[in-house]
Amino acid sequence: MIHGNTDGIKRALLWRLEKHLGFTDKSSFVSEETLAVITEFTQATGREVSVYLSRTGRVEAISVGDAVKVDALALGKRRGENSKSKIRVIHTHPKGSARLSAADLSALKEMRYDCLAAVGVSAQGANKMEIGYLAPTGVKIIDVSLDGMDHAALLDMIVECDTVGKARGAVKEEINSRCITVGVGDEESLYELKRLAETANYEPVGRIMQKRTTVDSTYYVGSGKIDEIAMEAQIKDAAIVIFDVPLSAVQHAAISERLGRRVIDRGTLILEIFEKHATTAEGRLQVELARLKYTLPLLVGQGESMSRQRGGLYAMGGAGETKLETDRRHIRRRISELTEKLKALEEGRDLRRRKRKQSGIKSVTLLGYTNAGKSTLINAISRSDLYAENKLFATLDSVSRSVWTEEGNYVMTDTVGFIRNLPHTFVEAFKSTLDEVRYADLLIHVVDASSPEMAAQIATVEEVIREIGAEKVPLITVYNKADKAEREEGKLYISAKFGENLEVLKQRIKLALFGEKE
């Protein structure tokens, strides 16, 4: 019996397919006879056709589709949800393209086939084949020439994927943290997004870049590019897609539905990192405030299922309150509560700041792009042990350390690192912490001199300094990670890690705070 849509097909063509059922060739990935049968059928009908082969090389089933698709059959015996069907599928593409489609890859994963191959068929015959193997790390795709096919190697690949799968089988549950990063026109920003993803404990396995001058209102990158993203996510078995741009509520919902995966944007990713690294009560309050301010404009209803009435049949007040309106009201109320709590903490900080001023203790605030080495520098100068790691936003909470010198004492404060395209609501949420910058006696701008994006990072920091109104505070710029940098004349290069030029920096700090020694 031939499965699928056989309406309108000549009996002679169907008879040839039926005759091929049960054909066996143990030594071939796909036999010449099978290729000939499905190629001639597709040439004659313009339809896709699938042949299902067991691991013994026997043709177990044949299914006919239309010009663009053929339904997948659930064949083979599986011992568990993650076990394979031990069936490989060879199917045709009538328009000559052998590229596996997103639907092909979906069928491969859903039906748990050993592999699925697409054969491009044109008027001249079958030209090439693309095979997707189901592996524990995703889908492994290879291109194959039909001339001189290495059947043994193609069959061995099935066993190889099985072996890897058994080795991973010892792990009961593996959370899929693989992600695809998507950028629009800015290669450096996309690289930074990859580092942000790694800091958030995601595993970037693919990247897609698009250059466009207009924004698609539904998918941001356009429908065609979304299909490309879907294909890449299928191939790499990525459960998350991260966009390097802010997405509207409509775009987020449309992209999530189209991809069938978790979708987050740059702002949401930064918030996740903030939440992981906030250790103080104030830090956690600031992160929650930032998230709520970022989420509120994105809150959209989900149709009538989101609605509920607050009254009965004779209740007054019109149509009642929707769940969307209730959620917004709760969020606004929580934003007000958090703002009041942070204001109280800010008043406490102001009081401590005034007492320091009255006692003559100066304040020095470190600021700079994230991962520039601020925490390492404050550790070196104050001989403390703040947490420092080669990751973005390793420090989130504002921390101060005292430094004693013969000329006088000062407090050195480490602040959250800056980053490009930081949503304005985040700066607002961290206002109380960033006040340390505005009210400091001296700022130390720590620059990562080893970064190829040094100039852009300096510009980002200077923009935030202006935004918070600290441009008139005296400032010393130091170029950290000197051991990895190409040096220029007239700049102060240091290595916080290895101690180079730290004494020079200390002297400049004392001179700026206390003046020349008499």
# chains A, B, ... in the order shown; residues from 1 in each chain; ligands from 1
$ residues_around --residues "Thr56 in chain A" --least-positions-apart "6" --cutoff "9 Å" --atoms "only C-alpha atoms" --output "list in words"
Thr24, Asp25, Lys26 and Ser27 of chain A
$ closest_residue --among "A:Gln234, A:Thr326, A:Ser145, A:Thr42" --to "Ser101 in chain A" --atoms "only C-alpha atoms"
A:Gln234
$ atom_distance --atom1 "CA of Lys343 in chain A" --atom2 "CA of Glu275 in chain A"
20.3 Å
$ select_by_dssp --residues "range 17-252 of chain A" --states "alpha helix (DSSP H)" --output "PyMOL selection string"
chain A and resi 17-20+32-45+102-111+151-168+187-199+223-236+249-252
$ write_last_selection --atoms "C-alpha atoms" --output "PDB file, in the first residue's frame"
ATOM      1  CA  LEU A  17       6.126   2.142  -6.272  1.00  0.00           C
ATOM      2  CA  GLU A  18       4.181  -0.780  -4.814  1.00  0.00           C
ATOM      3  CA  LYS A  19       6.463  -3.244  -6.541  1.00  0.00           C
ATOM      4  CA  HIS A  20       9.450  -1.602  -4.832  1.00  0.00           C
ATOM      5  CA  GLU A  32      20.543   2.902  -7.231  1.00  0.00           C
ATOM      6  CA  GLU A  33      17.249   1.092  -7.804  1.00  0.00           C
ATOM      7  CA  THR A  34      15.484   3.114  -5.091  1.00  0.00           C
ATOM      8  CA  LEU A  35      16.934   6.376  -6.394  1.00  0.00           C
ATOM      9  CA  ALA A  36      15.770   5.538  -9.901  1.00  0.00           C
ATOM     10  CA  VAL A  37      12.213   4.717  -8.770  1.00  0.00           C
ATOM     11  CA  ILE A  38      11.672   7.912  -6.739  1.00  0.00           C
ATOM     12  CA  THR A  39      13.431  10.141  -9.300  1.00  0.00           C
ATOM     13  CA  GLU A  40      11.297   8.901 -12.201  1.00  0.00           C
ATOM     14  CA  PHE A  41       8.129   9.220 -10.106  1.00  0.00           C
ATOM     15  CA  THR A  42       8.896  12.835  -9.162  1.00  0.00           C
ATOM     16  CA  GLN A  43       9.816  13.743 -12.736  1.00  0.00           C
ATOM     17  CA  ALA A  44       6.529  12.297 -13.982  1.00  0.00           C
ATOM     18  CA  THR A  45       4.253  13.798 -11.307  1.00  0.00           C
ATOM     19  CA  ALA A 102      12.510  23.478   8.285  1.00  0.00           C
ATOM     20  CA  ALA A 103       9.584  21.023   7.928  1.00  0.00           C
ATOM     21  CA  ASP A 104      12.040  18.234   7.036  1.00  0.00           C
ATOM     22  CA  LEU A 105      14.120  18.893  10.123  1.00  0.00           C
ATOM     23  CA  SER A 106      11.011  19.110  12.276  1.00  0.00           C
ATOM     24  CA  ALA A 107       9.865  15.705  11.025  1.00  0.00           C
ATOM     25  CA  LEU A 108      13.331  14.243  11.648  1.00  0.00           C
ATOM     26  CA  LYS A 109      13.265  15.317  15.279  1.00  0.00           C
ATOM     27  CA  GLU A 110       9.608  14.604  15.972  1.00  0.00           C
ATOM     28  CA  MET A 111       9.618  11.125  14.437  1.00  0.00           C
ATOM     29  CA  HIS A 151      27.665   4.150   1.401  1.00  0.00           C
ATOM     30  CA  ALA A 152      29.697   2.582   4.221  1.00  0.00           C
ATOM     31  CA  ALA A 153      30.615   5.978   5.687  1.00  0.00           C
ATOM     32  CA  LEU A 154      27.010   7.195   5.485  1.00  0.00           C
ATOM     33  CA  LEU A 155      25.764   4.094   7.288  1.00  0.00           C
ATOM     34  CA  ASP A 156      28.551   4.306   9.885  1.00  0.00           C
ATOM     35  CA  MET A 157      27.398   7.831  10.711  1.00  0.00           C
ATOM     36  CA  ILE A 158      24.085   6.409  11.990  1.00  0.00           C
ATOM     37  CA  VAL A 159      25.946   4.078  14.382  1.00  0.00           C
ATOM     38  CA  GLU A 160      28.295   6.880  15.422  1.00  0.00           C
ATOM     39  CA  CYS A 161      25.354   9.083  16.422  1.00  0.00           C
ATOM     40  CA  ASP A 162      23.925   6.157  18.382  1.00  0.00           C
ATOM     41  CA  THR A 163      27.199   5.727  20.292  1.00  0.00           C
ATOM     42  CA  VAL A 164      27.313   9.387  21.289  1.00  0.00           C
ATOM     43  CA  GLY A 165      23.705   9.175  22.335  1.00  0.00           C
ATOM     44  CA  LYS A 166      24.375   6.206  24.653  1.00  0.00           C
ATOM     45  CA  ALA A 167      27.253   8.051  26.289  1.00  0.00           C
ATOM     46  CA  ARG A 168      24.922  10.958  27.001  1.00  0.00           C
ATOM     47  CA  GLU A 187      29.103  42.813  14.021  1.00  0.00           C
ATOM     48  CA  GLU A 188      30.804  44.101  17.189  1.00  0.00           C
ATOM     49  CA  SER A 189      27.521  44.321  19.059  1.00  0.00           C
ATOM     50  CA  LEU A 190      26.641  40.773  17.971  1.00  0.00           C
ATOM     51  CA  TYR A 191      29.994  39.528  19.307  1.00  0.00           C
ATOM     52  CA  GLU A 192      29.230  41.294  22.586  1.00  0.00           C
ATOM     53  CA  LEU A 193      25.795  39.626  22.627  1.00  0.00           C
ATOM     54  CA  LYS A 194      27.569  36.254  22.404  1.00  0.00           C
ATOM     55  CA  ARG A 195      29.636  37.138  25.477  1.00  0.00           C
ATOM     56  CA  LEU A 196      26.507  38.283  27.304  1.00  0.00           C
ATOM     57  CA  ALA A 197      24.837  34.967  26.462  1.00  0.00           C
ATOM     58  CA  GLU A 198      27.827  33.057  27.827  1.00  0.00           C
ATOM     59  CA  THR A 199      27.754  35.154  31.005  1.00  0.00           C
ATOM     60  CA  SER A 223       9.670  36.770   7.220  1.00  0.00           C
ATOM     61  CA  GLY A 224      12.377  35.270   5.013  1.00  0.00           C
ATOM     62  CA  LYS A 225      15.098  35.783   7.620  1.00  0.00           C
ATOM     63  CA  ILE A 226      12.857  34.261  10.292  1.00  0.00           C
ATOM     64  CA  ASP A 227      12.698  31.090   8.184  1.00  0.00           C
ATOM     65  CA  GLU A 228      16.499  31.077   8.021  1.00  0.00           C
ATOM     66  CA  ILE A 229      16.657  31.469  11.812  1.00  0.00           C
ATOM     67  CA  ALA A 230      14.188  28.592  12.208  1.00  0.00           C
ATOM     68  CA  MET A 231      16.363  26.390  10.002  1.00  0.00           C
ATOM     69  CA  GLU A 232      19.519  27.260  11.923  1.00  0.00           C
ATOM     70  CA  ALA A 233      17.809  26.595  15.253  1.00  0.00           C
ATOM     71  CA  GLN A 234      16.574  23.222  14.006  1.00  0.00           C
ATOM     72  CA  ILE A 235      20.006  22.225  12.729  1.00  0.00           C
ATOM     73  CA  LYS A 236      21.802  23.294  15.915  1.00  0.00           C
ATOM     74  CA  ALA A 249       5.395  42.964  22.324  1.00  0.00           C
ATOM     75  CA  VAL A 250       3.898  42.237  18.900  1.00  0.00           C
ATOM     76  CA  GLN A 251       7.278  41.241  17.439  1.00  0.00           C
ATOM     77  CA  HIS A 252       8.136  39.042  20.425  1.00  0.00           C
TER      78      HIS A 252
END
$ residues_around --residues "Asp483 in chain A" --least-positions-apart "4" --cutoff "9 Å" --atoms "only C-alpha atoms" --output "ChimeraX atom specification"
/A:450,494-495,498,500
$ closest_residue --among "A:Lys497, A:Lys481, A:Arg383, A:Arg420" --to "Val461 in chain A" --atoms "only C-alpha atoms"
A:Arg420
$ residues_around --residues "Lys69 in chain A" --least-positions-apart "5" --cutoff "10 Å" --atoms "only C-alpha atoms" --output "compact mmCIF listing (two decimals) with C-alpha atoms, in the first residue's frame"
# COMPACT_ATOMS: atom_id res chain seq x y z
CA ARG A 47 5.36 15.52 -6.43
CA GLU A 48 7.49 14.65 -3.45
CA VAL A 49 7.82 10.99 -2.51
CA SER A 50 9.38 9.41 0.59
CA VAL A 64 3.42 10.38 -1.73
CA HIS A 91 12.60 11.82 -0.11
CA THR A 92 12.59 13.99 -3.21
CA HIS A 93 12.35 17.73 -3.84
CA PRO A 94 10.77 18.29 -7.28
CA SER A 101 13.58 22.45 4.79
CA ALA A 103 9.58 21.02 7.93
CA ASP A 104 12.04 18.23 7.04
$ select_by_dssp --residues "range 231-470 of chain A" --states "strand (DSSP E or B)" --output "ChimeraX atom specification"
/A:240-243,262-265,307,322,362-369,399-404,409-414,418,442-448
$ closest_atom_pairs --of "range 172-242 of chain A" --to "range 260-270 of chain A" --cutoff "6 Å" --atoms "only C-alpha atoms" --output "CSV"
residue,atom,partner,partner_atom,distance
A:Ala239,CA,A:Arg261,CA,5.6
A:Ile240,CA,A:Arg262,CA,4.8
A:Val241,CA,A:Val263,CA,5.0
A:Ile242,CA,A:Ile264,CA,5.0
$ residues_around --residues "Val437 in chain A" --least-positions-apart "4" --cutoff "10 Å" --atoms "only C-alpha atoms" --output "list in words"
Ser363, Val364, Thr365, Leu366, Leu367, Thr413, Asp414, Thr415, Lys431, Ser432, Thr433, Asp441, Leu442, Leu443, Ile444, Ile465, Ile468, Gly469, Ala470, Glu471 and Val473 of chain A
$ residues_around --residues "Thr213 in chain A" --least-positions-apart "2" --cutoff "10 Å" --atoms "only C-alpha atoms" --output "list of chain:residue names"
A:Val184, A:Gly185, A:Gln210, A:Lys211, A:Val215, A:Asp216
$ write_last_selection --atoms "C-alpha atoms" --output "compact mmCIF listing (two decimals), in the first residue's frame"
# COMPACT_ATOMS: atom_id res chain seq x y z
CA VAL A 184 21.14 43.58 12.66
CA GLY A 185 24.06 45.33 10.99
CA GLN A 210 21.21 40.79 8.66
CA LYS A 211 21.81 44.26 7.29
CA VAL A 215 12.38 47.37 10.64
CA ASP A 216 9.73 44.75 9.90
$ residues_around --residues "Ile142 in chain A" --least-positions-apart "2" --cutoff "7 Å" --atoms "only C-alpha atoms" --output "compact mmCIF listing (two decimals) with N, CA and C atoms, in the first residue's frame"
# COMPACT_ATOMS: atom_id res chain seq x y z
N GLU A 130 21.14 16.02 0.38
CA GLU A 130 21.54 16.56 1.67
C GLU A 130 20.94 15.68 2.75
N ILE A 131 21.77 15.28 3.72
CA ILE A 131 21.33 14.34 4.76
C ILE A 131 21.43 15.02 6.12
N GLY A 132 20.36 14.89 6.89
CA GLY A 132 20.37 15.36 8.28
C GLY A 132 20.34 14.16 9.21
N LYS A 140 22.99 16.95 12.54
CA LYS A 140 24.24 17.08 11.79
C LYS A 140 23.92 16.93 10.30
N VAL A 144 25.97 15.45 -0.03
CA VAL A 144 26.48 14.22 -0.65
C VAL A 144 26.30 14.29 -2.16
$ atom_distance --atom1 "CA of Arg334 in chain A" --atom2 "CA of Lys293 in chain A"
10.1 Å
$ closest_residue --among "A:Ala440, A:Val221, A:Ile381, A:Ala61" --to "Asn501 in chain A" --atoms "only C-alpha atoms"
A:Ile381
$ atom_distance --atom1 "CA of Val245 in chain A" --atom2 "CA of Leu100 in chain A"
28.9 Å
